[in-house]
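Okay, target.txt now, which holds compact mmCIF, C-alpha atoms:
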# COMPACT_ATOMS: atom_id res chain seq x y z
CA ILE Y 1 -22.12 -11.57 -6.80
CA GLY Y 2 -20.13 -8.80 -5.18
CA ASN Y 3 -16.85 -8.09 -3.44
CA PHE Y 4 -14.83 -10.42 -1.25
CA VAL Y 5 -12.30 -8.76 1.06
CA VAL Y 6 -9.22 -10.70 2.13
CA ASP Y 7 -7.95 -8.84 5.19
CA GLY Y 8 -4.72 -10.56 6.22
CA ALA Y 9 -3.36 -10.86 9.73
CA GLU Y 10 -0.72 -8.20 9.05
CA GLY Y 11 -3.42 -5.55 8.93
CA ALA Y 12 -3.39 -3.07 11.79
CA THR Y 13 -6.31 -3.21 14.22
CA HIS Y 14 -6.61 -0.12 16.39
CA GLY Y 15 -8.10 -0.90 19.76
CA GLY Y 16 -8.84 -4.55 18.98
CA PRO Y 17 -8.45 -7.30 21.60
CA PRO Y 18 -4.81 -8.51 21.66
CA ILE Y 19 -5.80 -12.15 21.17
CA LEU Y 20 -7.51 -11.28 17.88
CA GLN Y 21 -4.41 -9.43 16.71
CA ASP Y 22 -1.85 -11.99 17.86
CA ASP Y 23 -3.45 -15.41 17.53
CA LEU Y 24 -6.20 -15.37 14.91
CA GLY Y 25 -6.18 -14.93 11.17
CA LEU Y 26 -3.93 -15.95 8.28
CA PRO Y 27 -1.11 -13.94 6.68
CA THR Y 28 -2.31 -11.99 3.66
CA LEU Y 29 -0.31 -14.07 1.16
CA HIS Y 30 -1.69 -17.37 2.43
CA ALA Y 31 -5.26 -16.08 2.70
CA LEU Y 32 -5.21 -14.58 -0.79
CA ALA Y 33 -3.77 -17.72 -2.39
CA ARG Y 34 -6.37 -19.93 -0.69
CA THR Y 35 -9.23 -17.61 -1.62
CA VAL Y 36 -8.26 -17.44 -5.28
CA ARG Y 37 -7.74 -21.20 -5.51
CA TYR Y 38 -11.11 -21.93 -3.91
CA LEU Y 39 -12.99 -19.56 -6.19
CA GLU Y 40 -11.22 -20.91 -9.27
CA GLN Y 41 -12.05 -24.50 -8.33
CA ALA Y 42 -15.66 -23.49 -7.68
CA GLY Y 43 -15.86 -21.76 -11.06
CA ALA Y 44 -16.79 -18.49 -9.35
CA LYS Y 45 -13.62 -16.43 -9.79
CA ASP Y 46 -15.15 -14.21 -12.47
CA ASP Y 47 -18.27 -13.61 -10.37
CA VAL Y 48 -16.45 -12.11 -7.38
CA SER Y 49 -14.12 -9.13 -7.07
CA ILE Y 50 -11.33 -9.94 -4.62
CA ILE Y 51 -9.92 -7.04 -2.60
CA ALA Y 52 -6.68 -7.79 -0.76
CA SER Y 53 -5.40 -5.95 2.29
CA GLY Y 54 -3.17 -6.38 5.30
CA GLY Y 55 0.48 -5.31 5.39
CA LEU Y 56 0.55 -4.09 1.77
CA VAL Y 57 2.68 -0.95 1.72
CA THR Y 58 4.69 -0.73 -1.52
CA PRO Y 59 3.82 -0.68 -5.24
CA GLY Y 60 5.52 -4.08 -5.50
CA HIS Y 61 3.18 -5.51 -2.87
CA PHE Y 62 0.17 -4.17 -4.75
CA LEU Y 63 1.34 -5.63 -8.07
CA LYS Y 64 2.02 -9.06 -6.58
CA ALA Y 65 -1.44 -9.15 -5.03
CA LEU Y 66 -2.98 -8.33 -8.42
CA ALA Y 67 -0.87 -10.97 -10.16
CA LEU Y 68 -1.97 -13.57 -7.60
CA GLY Y 69 -5.61 -12.93 -8.44
CA ALA Y 70 -6.77 -9.90 -6.48
CA ASP Y 71 -8.83 -7.38 -8.44
CA ALA Y 72 -7.88 -4.50 -6.16
CA VAL Y 73 -6.08 -3.70 -2.92
CA TYR Y 74 -6.87 -1.35 -0.10
CA ILE Y 75 -4.40 0.19 2.29
CA GLY Y 76 -4.52 1.59 5.79
CA THR Y 77 -1.36 2.23 7.77
CA ILE Y 78 0.77 3.31 4.83
CA ALA Y 79 -1.98 5.70 3.71
CA LEU Y 80 -2.01 7.26 7.17
CA LEU Y 81 1.77 7.65 7.15
CA ALA Y 82 1.67 9.17 3.67
CA THR Y 83 -1.05 11.58 4.78
CA LEU Y 84 0.93 12.74 7.78
CA HIS Y 85 4.21 12.98 5.88
CA THR Y 86 6.17 15.93 7.33
CA GLN Y 87 3.31 16.78 9.68
CA MET Y 88 4.58 13.97 11.91
CA LEU Y 89 7.10 16.51 13.16
CA LYS Y 90 4.30 18.44 14.84
CA ALA Y 91 4.19 15.70 17.48
CA ALA Y 92 7.69 14.23 17.40
CA PRO Y 93 9.75 13.64 19.41
CA VAL Y 94 7.47 14.22 22.40
CA GLU Y 95 4.47 12.19 21.16
CA PRO Y 96 3.87 9.53 18.48
CA ALA Y 97 2.75 10.70 15.05
CA VAL Y 98 -0.80 9.40 15.50
CA GLN Y 99 -1.39 12.17 18.04
CA VAL Y 100 -1.62 14.47 15.02
CA ALA Y 101 -4.03 12.29 13.05
CA LEU Y 102 -6.48 10.99 15.67
CA TYR Y 103 -9.57 13.05 16.42
CA THR Y 104 -8.74 12.74 20.10
CA GLY Y 105 -5.01 13.28 19.55
CA ARG Y 106 -3.15 15.90 21.51
CA TYR Y 107 -2.06 17.69 18.32
CA SER Y 108 -5.11 17.02 16.14
CA GLU Y 109 -5.93 20.72 15.88
CA ASP Y 110 -2.52 21.31 14.30
CA PHE Y 111 -3.21 18.87 11.46
CA ASP Y 112 -3.51 20.58 8.07
CA VAL Y 113 -6.19 18.61 6.21
CA ASP Y 114 -5.45 20.09 2.79
CA GLN Y 115 -1.74 19.41 3.10
CA GLY Y 116 -2.47 15.87 4.26
CA ALA Y 117 -4.78 15.24 1.31
CA GLN Y 118 -2.12 16.50 -1.10
CA SER Y 119 0.54 14.30 0.49
CA LEU Y 120 -1.68 11.22 0.17
CA ALA Y 121 -2.52 12.06 -3.45
CA ASN Y 122 1.19 12.39 -4.23
CA PHE Y 123 1.86 8.98 -2.68
CA LEU Y 124 -0.93 7.27 -4.61
CA ARG Y 125 0.14 8.84 -7.90
CA SER Y 126 3.74 7.76 -7.34
CA CYS Y 127 2.56 4.21 -6.60
CA VAL Y 128 0.63 4.09 -9.86
CA ARG Y 129 3.65 5.37 -11.81
CA GLU Y 130 5.94 2.74 -10.30
CA MET Y 131 3.40 0.00 -10.93
CA GLU Y 132 3.07 1.11 -14.55
CA LEU Y 133 6.86 0.97 -14.92
CA ALA Y 134 6.95 -2.59 -13.61
CA VAL Y 135 4.10 -3.67 -15.90
CA TYR Y 136 5.87 -2.21 -18.93
CA ALA Y 137 9.06 -4.02 -17.89
CA LEU Y 138 7.08 -7.27 -18.06
CA GLY Y 139 6.11 -6.47 -21.64
CA LYS Y 140 2.50 -5.69 -20.76
CA THR Y 141 0.37 -2.59 -21.01
CA ALA Y 142 -2.32 -2.92 -18.33
CA PHE Y 143 -2.63 -4.09 -14.74
CA ARG Y 144 -5.40 -6.51 -15.73
CA GLN Y 145 -2.88 -8.41 -17.85
CA LEU Y 146 -0.91 -9.49 -14.78
CA GLU Y 147 -1.12 -13.17 -13.93
CA ARG Y 148 0.56 -15.76 -11.75
CA SER Y 149 2.95 -16.73 -14.54
CA ASP Y 150 4.60 -13.32 -14.07
CA LEU Y 151 5.73 -14.34 -10.59
CA CYS Y 152 8.28 -16.71 -9.13
CA SER Y 153 9.64 -17.37 -5.66
CA VAL Y 154 12.97 -18.48 -4.21
CA ASP Y 155 11.01 -20.36 -1.53
CA PRO Y 156 9.60 -23.70 -2.77
CA GLU Y 157 6.79 -23.72 -0.21
CA ILE Y 158 5.59 -20.26 -1.24
CA ALA Y 159 5.84 -21.28 -4.90
CA ARG Y 160 3.77 -24.41 -4.24
CA MET Y 161 1.19 -22.58 -2.13
CA CYS Y 162 0.70 -19.75 -4.63
CA GLY Y 163 0.89 -21.86 -7.78
CA ILE Y 164 3.82 -19.88 -9.17
CA ASP Y 165 7.24 -20.87 -10.52
CA TYR Y 166 10.00 -21.94 -8.17
CA ALA Y 167 13.06 -19.87 -9.11
CA ALA Y 168 15.50 -22.79 -8.81
CA PHE Y 169 13.97 -24.52 -11.85
CA PRO Y 170 13.37 -23.34 -15.43
CA PRO Y 171 9.73 -22.88 -16.50
CA ASP Y 172 9.58 -26.22 -18.32
CA ARG Y 173 10.83 -28.21 -15.32
CA GLN Y 174 8.78 -26.81 -12.48
CA PRO Y 175 8.34 -29.21 -9.53
CA PHE Y 176 4.77 -28.05 -8.83
CA GLY Y 177 1.69 -27.63 -10.96
CA PRO Y 178 -0.56 -24.53 -10.89
CA ASP Y 179 -2.70 -26.19 -8.22
CA GLY Y 180 0.31 -26.76 -5.96
CA ALA Y 181 0.48 -30.51 -6.62
CA ARG Y 182 3.88 -32.03 -7.36
CA ALA Y 183 4.43 -32.28 -11.10
CA ALA Y 184 5.23 -35.72 -12.47
CA GLY Y 185 8.91 -36.32 -13.14
CA ASN Y 186 10.13 -33.24 -11.29
CA GLY Y 187 11.03 -32.48 -7.71
CA VAL Y 188 12.85 -30.14 -5.40
CA ALA Y 189 16.40 -31.37 -5.21
CA ALA Y 190 17.85 -32.33 -1.86
CA ARG Y 191 21.40 -31.21 -1.21
CA ARG Y 192 23.77 -33.21 0.94
CA PRO Y 193 25.96 -31.21 3.34
CA GLY Y 194 29.09 -30.23 1.47
CA ALA Y 195 27.79 -31.42 -1.89
CA GLY Y 196 27.67 -29.13 -4.89
CA ALA Y 197 24.62 -28.80 -7.11
CA GLY Y 198 24.31 -28.89 -10.86
CA ALA Y 199 22.68 -26.23 -12.97
CA ASP Y 200 19.28 -27.94 -12.76
CA GLY Y 201 19.41 -28.36 -8.98
CA VAL Y 202 20.43 -32.05 -9.01
CA PRO Y 203 23.28 -32.64 -6.52
CA VAL Y 204 26.64 -33.22 -8.15
CA GLY Y 205 27.57 -36.88 -7.94
CA SER Y 206 23.98 -38.06 -7.68
CA ALA Y 207 23.18 -41.22 -9.59
CA ALA Y 208 19.67 -40.04 -10.30
CA GLY Y 209 18.77 -39.10 -13.83
CA PRO Y 210 17.12 -35.81 -14.80
CA ASP Y 211 13.63 -37.32 -14.67
CA GLN Y 212 13.91 -38.89 -11.23
CA ASP Y 213 12.32 -37.18 -8.24
CA HIS Y 214 14.49 -35.59 -5.56
CA HIS Y 215 12.84 -34.76 -2.28
CA ARG Y 216 13.92 -32.77 0.72
Just dump the structure as structure tokens.
Amino acid sequence: IGNFVVDGAEGATHGGPPILQDDLGLPTLHALARTVRYLEQAGAKDDVSIIASGGLVTPGHFLKALALGADAVYIGTIALLATLHTQMLKAAPVEPAVQVALYTGRYSEDFDVDQGAQSLANFLRSCVREMELAVYALGKTAFRQLERSDLCSVDPEIARMCGIDYAAFPPDRQPFGPDGARAAGNGVAARRPGAGAGADGVPVGSAAGPDQDHHR
């Protein structure tokens, strides 16, 4: 069908109305998770290429987006910063760095395009190398092999929303299913003030057995 761009609320918007920047849109993580889930449920995931963007600045961010179901990412602010690199000093400390990059910037004529292109290329190559290292550490050989099962979160709500493992439970006792629904027989353990917790997250001294639900 084509490409579907998920441009999260963290994305920079130069010159946009403040209300659009401050009060509309979803965070990239939430928007990406919802998009992937909808397309999977509609049976259309393989027909659409999902491109994620908005606040993605590190190789780790890029990898997590791919593992969550994005087919690619695009970047903006971090690419600009990488392009400027040491050329930021041509404006600092008198003016902000963008005065070097903008066509109408006070120091735009001092910007070395070739040097900027080389700096950006170096950044992109280093990102790819770091991403490759992480993929190899997972025992895989290609970015396309990444999947949600490679991820986990220490936040139960993020785990539920994204359909990934919650780090407090082993893989075979996850409290949520891939669709975010609570798995039968499991739950996120509540912890009383001052009470210790067992290895599986069940509060010490609780009368509940291992198969009984514990809710916040």
Can you tell me which residues surround Arg148 of chain Y at a distance of at most 12 Å, considering all atoms listed in the file, apart from same-chain residues fewer than 2 positions away, and format the answer as a ChimeraX atom specification? /Y:33,36-37,63-70,144-146,150-153,159-166,177-179
Can you write out the residues you just picked, keeping C-alpha atoms, as a PDB file, keeping the file's coordinate frame?
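result.pdb, freshly written:
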ATOM      1  CA  ALA Y  33      -3.770 -17.720  -2.390  1.00  0.00           C
ATOM      2  CA  VAL Y  36      -8.260 -17.440  -5.280  1.00  0.00           C
ATOM      3  CA  ARG Y  37      -7.740 -21.200  -5.510  1.00  0.00           C
ATOM      4  CA  LEU Y  63       1.340  -5.630  -8.070  1.00  0.00           C
ATOM      5  CA  LYS Y  64       2.020  -9.060  -6.580  1.00  0.00           C
ATOM      6  CA  ALA Y  65      -1.440  -9.150  -5.030  1.00  0.00           C
ATOM      7  CA  LEU Y  66      -2.980  -8.330  -8.420  1.00  0.00           C
ATOM      8  CA  ALA Y  67      -0.870 -10.970 -10.160  1.00  0.00           C
ATOM      9  CA  LEU Y  68      -1.970 -13.570  -7.600  1.00  0.00           C
ATOM     10  CA  GLY Y  69      -5.610 -12.930  -8.440  1.00  0.00           C
ATOM     11  CA  ALA Y  70      -6.770  -9.900  -6.480  1.00  0.00           C
ATOM     12  CA  ARG Y 144      -5.400  -6.510 -15.730  1.00  0.00           C
ATOM     13  CA  GLN Y 145      -2.880  -8.410 -17.850  1.00  0.00           C
ATOM     14  CA  LEU Y 146      -0.910  -9.490 -14.780  1.00  0.00           C
ATOM     15  CA  ASP Y 150       4.600 -13.320 -14.070  1.00  0.00           C
ATOM     16  CA  LEU Y 151       5.730 -14.340 -10.590  1.00  0.00           C
ATOM     17  CA  CYS Y 152       8.280 -16.710  -9.130  1.00  0.00           C
ATOM     18  CA  SER Y 153       9.640 -17.370  -5.660  1.00  0.00           C
ATOM     19  CA  ALA Y 159       5.840 -21.280  -4.900  1.00  0.00           C
ATOM     20  CA  ARG Y 160       3.770 -24.410  -4.240  1.00  0.00           C
ATOM     21  CA  MET Y 161       1.190 -22.580  -2.130  1.00  0.00           C
ATOM     22  CA  CYS Y 162       0.700 -19.750  -4.630  1.00  0.00           C
ATOM     23  CA  GLY Y 163       0.890 -21.860  -7.780  1.00  0.00           C
ATOM     24  CA  ILE Y 164       3.820 -19.880  -9.170  1.00  0.00           C
ATOM     25  CA  ASP Y 165       7.240 -20.870 -10.520  1.00  0.00           C
ATOM     26  CA  TYR Y 166      10.000 -21.940  -8.170  1.00  0.00           C
ATOM     27  CA  GLY Y 177       1.690 -27.630 -10.960  1.00  0.00           C
ATOM     28  CA  PRO Y 178      -0.560 -24.530 -10.890  1.00  0.00           C
ATOM     29  CA  ASP Y 179      -2.700 -26.190  -8.220  1.00  0.00           C
TER      30      ASP Y 179
END
Please report the interatomic distance between atom CA of Ala9 of chain Y and atom CA of Ile50 of chain Y in Å with one decimal.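 Atom CA of Ile50 of chain Y lies 16.4 Å from atom CA of Ala9 of chain Y.
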Show me, as a list in words, the residues that have an atom within 12 Å of Gln21 of chain Y when counting all atoms listed in the file, minus same-chain residues fewer than 5 positions from it.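 The filter keeps Gly8, Ala9, Glu10, Gly11, Ala12, Thr13, His14, Gly15, Gly16, Leu26, Pro27 and Gly54 of chain Y.
We find atom CA of Arg34 of chain Y and atom CA of Ala137 of chain Y to be spaced 28.1 Å apart.
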Separation of atom CA of Pro59 of chain Y from atom CA of Gly139 of chain Y in Å: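 Atom CA of Gly139 of chain Y sits 17.5 Å away from atom CA of Pro59 of chain Y.
Among the candidates Y:Thr28, Y:Gln99, Y:Asn3, Y:Gln87, the residue lying nearest to Gly116 of chain Y is Y:Gln87 (atoms considered: all atoms listed in the file).
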What lies within 10 Å of Phe123 of chain Y using only C-alpha atoms, ignoring chain neighbours under 5 positions off, as a PyMOL selection string? chain Y and resi 78-79+81-83+85+117-118+128-129
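With only C-alpha atoms as the atoms that count, the residue of Y:Gly180, Y:Gly76, Y:Gln115, Y:Gly60 with the shortest distance to Ile158 of chain Y is Y:Gly180.
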What box, with edges along x, y and z, holds each listed atom of segment 132-140 of chain Y when 8 Å is added on every side, and can you state its centre and edge lengths in Å to one decimal, as AutoDock Vina command-line options?
--center_x 5.8 --center_y -3.1 --center_z -17.6 --size_x 22.6 --size_y 24.4 --size_z 24.0
Could you check which of Y:Val98, Y:Ala44, Y:Ile19, Y:Ala52 is closest to Asp7 of chain Y, using all atoms listed in the file?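 Ranked by minimum distance to Asp7 of chain Y, first place goes to Y:Ala52.
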Would you please work out which residue, of Y:His30, Y:Ala121, Y:Tyr103, Y:Ala183, is nearest to Glu157 of chain Y when using only C-alpha atoms? Y:His30
I need the residue nearest Phe143 of chain Y from this list: Y:Leu39, Y:Val100, Y:Val57, Y:Ala72. Use all atoms listed in the file for the distance.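 Under the stated criterion, the closest residue is Y:Ala72.
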Taking only C-alpha atoms into account, name the residue in Y:Phe111, Y:Phe62, Y:Tyr38, Y:Tyr74 that is nearest to Cys127 of chain Y.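 Comparing Y:Phe111, Y:Phe62, Y:Tyr38, Y:Tyr74 against Cys127 of chain Y, the winner is Y:Phe62.
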